[in-house]
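Here is run_11.cif, consisting of mmCIF, N, CA and C atoms:
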data_run
#
loop_
_atom_site.group_PDB
_atom_site.id
_atom_site.type_symbol
_atom_site.label_atom_id
_atom_site.label_comp_id
_atom_site.auth_asym_id
_atom_site.auth_seq_id
_atom_site.Cartn_x
_atom_site.Cartn_y
_atom_site.Cartn_z
ATOM 1 N N MET A 1 108.771 116.416 73.577
ATOM 2 C CA MET A 1 108.673 116.049 74.981
ATOM 3 C C MET A 1 109.374 114.718 75.187
ATOM 4 N N SER A 2 110.288 114.657 76.119
ATOM 5 C CA SER A 2 111.000 113.409 76.392
ATOM 6 C C SER A 2 110.244 112.608 77.452
ATOM 7 N N LEU A 3 110.454 111.324 77.418
ATOM 8 C CA LEU A 3 109.824 110.421 78.363
ATOM 9 C C LEU A 3 110.728 110.278 79.574
ATOM 10 N N GLU A 4 110.375 110.939 80.666
ATOM 11 C CA GLU A 4 111.177 110.920 81.884
ATOM 12 C C GLU A 4 110.472 110.071 82.936
ATOM 13 N N LEU A 5 110.842 108.802 82.997
ATOM 14 C CA LEU A 5 110.217 107.899 83.950
ATOM 15 C C LEU A 5 110.873 108.046 85.320
ATOM 16 N N PRO A 6 110.096 107.978 86.380
ATOM 17 C CA PRO A 6 110.634 108.120 87.742
ATOM 18 C C PRO A 6 111.274 106.816 88.228
ATOM 19 N N VAL A 7 112.416 106.484 87.665
ATOM 20 C CA VAL A 7 113.077 105.211 87.975
ATOM 21 C C VAL A 7 113.577 105.188 89.418
ATOM 22 N N LYS A 8 114.195 106.255 89.851
ATOM 23 C CA LYS A 8 114.741 106.281 91.218
ATOM 24 C C LYS A 8 113.636 106.170 92.256
ATOM 25 N N GLU A 9 112.531 106.872 92.027
ATOM 26 C CA GLU A 9 111.415 106.821 92.970
ATOM 27 C C GLU A 9 110.808 105.425 93.008
ATOM 28 N N SER A 10 110.660 104.818 91.837
ATOM 29 C CA SER A 10 110.097 103.467 91.776
ATOM 30 C C SER A 10 111.012 102.456 92.464
ATOM 31 N N ALA A 11 112.306 102.591 92.257
ATOM 32 C CA ALA A 11 113.257 101.697 92.917
ATOM 33 C C ALA A 11 113.201 101.877 94.429
ATOM 34 N N GLY A 12 113.034 103.106 94.882
ATOM 35 C CA GLY A 12 112.921 103.365 96.315
ATOM 36 C C GLY A 12 111.678 102.727 96.907
ATOM 37 N N VAL A 13 110.567 102.807 96.201
ATOM 38 C CA VAL A 13 109.332 102.171 96.666
ATOM 39 C C VAL A 13 109.512 100.655 96.701
ATOM 40 N N TRP A 14 110.140 100.097 95.662
ATOM 41 C CA TRP A 14 110.357 98.655 95.591
ATOM 42 C C TRP A 14 111.187 98.170 96.778
ATOM 43 N N LEU A 15 112.287 98.864 97.048
ATOM 44 C CA LEU A 15 113.135 98.479 98.174
ATOM 45 C C LEU A 15 112.417 98.670 99.508
ATOM 46 N N GLY A 16 111.636 99.727 99.608
ATOM 47 C CA GLY A 16 110.897 99.970 100.845
ATOM 48 C C GLY A 16 109.859 98.897 101.125
ATOM 49 N N VAL A 17 109.133 98.490 100.099
ATOM 50 C CA VAL A 17 108.125 97.438 100.274
ATOM 51 C C VAL A 17 108.798 96.111 100.607
ATOM 52 N N LEU A 18 109.911 95.811 99.914
ATOM 53 C CA LEU A 18 110.644 94.576 100.226
ATOM 54 C C LEU A 18 111.126 94.574 101.672
ATOM 55 N N GLY A 19 111.693 95.680 102.106
ATOM 56 C CA GLY A 19 112.197 95.767 103.471
ATOM 57 C C GLY A 19 111.106 95.649 104.511
ATOM 58 N N LEU A 20 109.994 96.316 104.277
ATOM 59 C CA LEU A 20 108.879 96.252 105.219
ATOM 60 C C LEU A 20 108.287 94.850 105.273
ATOM 61 N N ASP A 21 108.126 94.228 104.114
ATOM 62 C CA ASP A 21 107.648 92.845 104.053
ATOM 63 C C ASP A 21 108.562 91.916 104.848
ATOM 64 N N TRP A 22 109.860 92.080 104.642
ATOM 65 C CA TRP A 22 110.819 91.218 105.307
ATOM 66 C C TRP A 22 110.802 91.422 106.823
ATOM 67 N N LEU A 23 110.687 92.682 107.263
ATOM 68 C CA LEU A 23 110.659 92.959 108.698
ATOM 69 C C LEU A 23 109.391 92.449 109.361
ATOM 70 N N ILE A 24 108.244 92.590 108.689
ATOM 71 C CA ILE A 24 106.971 92.208 109.299
ATOM 72 C C ILE A 24 106.719 90.699 109.201
ATOM 73 N N PHE A 25 106.918 90.142 108.003
ATOM 74 C CA PHE A 25 106.532 88.753 107.766
ATOM 75 C C PHE A 25 107.708 87.774 107.733
ATOM 76 N N GLY A 26 108.929 88.259 107.690
ATOM 77 C CA GLY A 26 110.087 87.387 107.651
ATOM 78 C C GLY A 26 110.471 86.925 106.263
ATOM 79 N N HIS A 27 109.741 87.352 105.253
ATOM 80 C CA HIS A 27 110.084 87.047 103.864
ATOM 81 C C HIS A 27 109.588 88.198 102.990
ATOM 82 N N ALA A 28 110.135 88.293 101.807
ATOM 83 C CA ALA A 28 109.778 89.396 100.903
ATOM 84 C C ALA A 28 109.055 88.846 99.677
ATOM 85 N N ASP A 29 107.951 89.468 99.320
ATOM 86 C CA ASP A 29 107.190 89.095 98.131
ATOM 87 C C ASP A 29 107.637 89.999 96.984
ATOM 88 N N LEU A 30 108.474 89.472 96.109
ATOM 89 C CA LEU A 30 109.055 90.260 95.017
ATOM 90 C C LEU A 30 108.003 90.763 94.039
ATOM 91 N N VAL A 31 107.010 89.938 93.740
ATOM 92 C CA VAL A 31 105.991 90.312 92.754
ATOM 93 C C VAL A 31 105.122 91.448 93.291
ATOM 94 N N LEU A 32 104.708 91.355 94.532
ATOM 95 C CA LEU A 32 103.902 92.420 95.127
ATOM 96 C C LEU A 32 104.680 93.730 95.176
ATOM 97 N N ALA A 33 105.924 93.666 95.585
ATOM 98 C CA ALA A 33 106.754 94.871 95.653
ATOM 99 C C ALA A 33 106.930 95.484 94.271
ATOM 100 N N PHE A 34 107.150 94.656 93.260
ATOM 101 C CA PHE A 34 107.315 95.141 91.891
ATOM 102 C C PHE A 34 106.029 95.790 91.391
ATOM 103 N N ALA A 35 104.889 95.173 91.665
ATOM 104 C CA ALA A 35 103.606 95.726 91.233
ATOM 105 C C ALA A 35 103.336 97.078 91.887
ATOM 106 N N LEU A 36 103.589 97.181 93.181
ATOM 107 C CA LEU A 36 103.378 98.449 93.875
ATOM 108 C C LEU A 36 104.325 99.530 93.367
ATOM 109 N N ALA A 37 105.561 99.164 93.096
ATOM 110 C CA ALA A 37 106.526 100.126 92.568
ATOM 111 C C ALA A 37 106.109 100.616 91.189
ATOM 112 N N LEU A 38 105.585 99.739 90.349
ATOM 113 C CA LEU A 38 105.102 100.153 89.028
ATOM 114 C C LEU A 38 103.929 101.115 89.133
ATOM 115 N N VAL A 39 103.004 100.818 90.023
ATOM 116 C CA VAL A 39 101.831 101.683 90.194
ATOM 117 C C VAL A 39 102.250 103.059 90.697
ATOM 118 N N VAL A 40 103.119 103.104 91.687
ATOM 119 C CA VAL A 40 103.575 104.385 92.228
ATOM 120 C C VAL A 40 104.374 105.154 91.182
ATOM 121 N N GLY A 41 105.228 104.464 90.443
ATOM 122 C CA GLY A 41 105.990 105.114 89.378
ATOM 123 C C GLY A 41 105.086 105.698 88.313
ATOM 124 N N LEU A 42 104.044 104.971 87.937
ATOM 125 C CA LEU A 42 103.084 105.472 86.947
ATOM 126 C C LEU A 42 102.342 106.695 87.475
ATOM 127 N N LEU A 43 101.933 106.658 88.733
ATOM 128 C CA LEU A 43 101.253 107.818 89.325
ATOM 129 C C LEU A 43 102.156 109.045 89.363
ATOM 130 N N ILE A 44 103.405 108.859 89.742
ATOM 131 C CA ILE A 44 104.353 109.976 89.781
ATOM 132 C C ILE A 44 104.527 110.551 88.378
ATOM 133 N N TYR A 45 104.690 109.674 87.395
ATOM 134 C CA TYR A 45 104.852 110.116 86.007
ATOM 135 C C TYR A 45 103.635 110.926 85.536
ATOM 136 N N LEU A 46 102.439 110.407 85.810
ATOM 137 C CA LEU A 46 101.227 111.101 85.362
ATOM 138 C C LEU A 46 101.042 112.444 86.057
ATOM 139 N N LEU A 47 101.351 112.504 87.349
ATOM 140 C CA LEU A 47 101.232 113.771 88.072
ATOM 141 C C LEU A 47 102.236 114.803 87.557
ATOM 142 N N ARG A 48 103.461 114.380 87.274
ATOM 143 C CA ARG A 48 104.466 115.305 86.727
ATOM 144 C C ARG A 48 104.055 115.792 85.343
ATOM 145 N N ARG A 49 103.527 114.895 84.545
ATOM 146 C CA ARG A 49 103.090 115.261 83.194
ATOM 147 C C ARG A 49 101.943 116.261 83.250
ATOM 148 N N ARG A 50 100.992 116.014 84.157
ATOM 149 C CA ARG A 50 99.857 116.928 84.319
ATOM 150 C C ARG A 50 100.329 118.309 84.771
ATOM 151 N N LYS A 51 101.259 118.326 85.732
ATOM 152 C CA LYS A 51 101.789 119.582 86.226
ATOM 153 C C LYS A 51 102.505 120.352 85.118
ATOM 154 N N ARG A 52 103.304 119.642 84.313
ATOM 155 C CA ARG A 52 104.036 120.265 83.226
ATOM 156 C C ARG A 52 103.093 120.863 82.180
ATOM 157 N N ARG A 53 102.005 120.196 81.889
ATOM 158 C CA ARG A 53 101.033 120.703 80.917
ATOM 159 C C ARG A 53 100.325 121.950 81.419
ATOM 160 N N ARG A 54 100.077 122.010 82.711
ATOM 161 C CA ARG A 54 99.401 123.193 83.274
ATOM 162 C C ARG A 54 100.299 124.420 83.291
ATOM 163 N N GLU A 55 101.610 124.179 83.386
ATOM 164 C CA GLU A 55 102.560 125.297 83.425
ATOM 165 C C GLU A 55 102.743 125.944 82.064
ATOM 166 N N VAL A 56 102.482 125.205 81.019
ATOM 167 C CA VAL A 56 102.725 125.721 79.652
ATOM 168 C C VAL A 56 101.608 126.590 79.207
#
Transcribe the structure of this file into structure tokens.
Amino acid sequence: MSLELPVKESAGVWLGVLGLDWLIFGHADLVLAFALALVVGLLIYLLRRRKRRREV
């Protein structure tokens, strides 16, 4: 089994959080955006892994 991390999805979440932060507050919190992107990426990875195991 190869380790397929959802890099594109995590990057999209990171950019989305940065953009929303910048539009609402006038500045972007890089650490918060990075933390949220990591959490979402981990959730996507775990859900895909769970789905793959159920299919086998």
Query raised in the report: How many Å lie between atom C of Ala35 in chain A and CA of Trp22 in chain A, rounded to one decimal?
Result: 16.4 Å
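Take CA of Ala28 in chain A and CA of Leu5 in chain A: the distance between them is 25.1 Å.
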Report task. Based on DSSP run over this structure's backbone, return all residues of chain A in helix (DSSP H, G or I), as a ChimeraX atom specification. Result -> /A:7-25,30-55
Adding 8 Å on each side of the box along x, y and z that holds all listed atoms of range 7-26 of chain A, could you give its centre and edge lengths in Å to one decimal, as lines of an AutoDock Vina configuration file?
center_x = 110.6
center_y = 96.9
center_z = 98.5
size_x = 24.2
size_y = 35.9
size_z = 37.7
**Report entry** d(CA of Val17 in chain A, atom N of Leu42 in chain A) in Å
**Finding:**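 These two atoms are separated by 15.0 Å.
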Report task. I need the residue set behind the PyMOL selection byres (((chain A and resi 45-48 and name CA) around 12) and name CA) for this file; please write it as a list in words. Result ->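 Taken over the shown coordinates, the PyMOL selection byres (((chain A and resi 45-48 and name CA) around 12) and name CA) returns Ser2, Leu3, Glu4, Leu5, Pro6, Val7, Lys8, Glu9, Ser10, Leu38, Val39, Val40, Gly41, Leu42, Leu43, Ile44, Arg49, Arg50, Lys51, Arg52, Arg53, Arg54 and Glu55 of chain A.
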Query raised in the report: Quick one: of A:Leu23, A:Leu32, A:Val56, A:Ala37, who's nearest to Ala11 in chain A, counting all atoms listed in the file?
Result: A:Ala37
Report task. For Ala33 in chain A, please output as a ChimeraX atom specification all residues within 7 Å (counting only C-alpha atoms; exclusion window: fewer than 3 positions along the same chain). Result -> /A:14,17-18,29-30,36-37
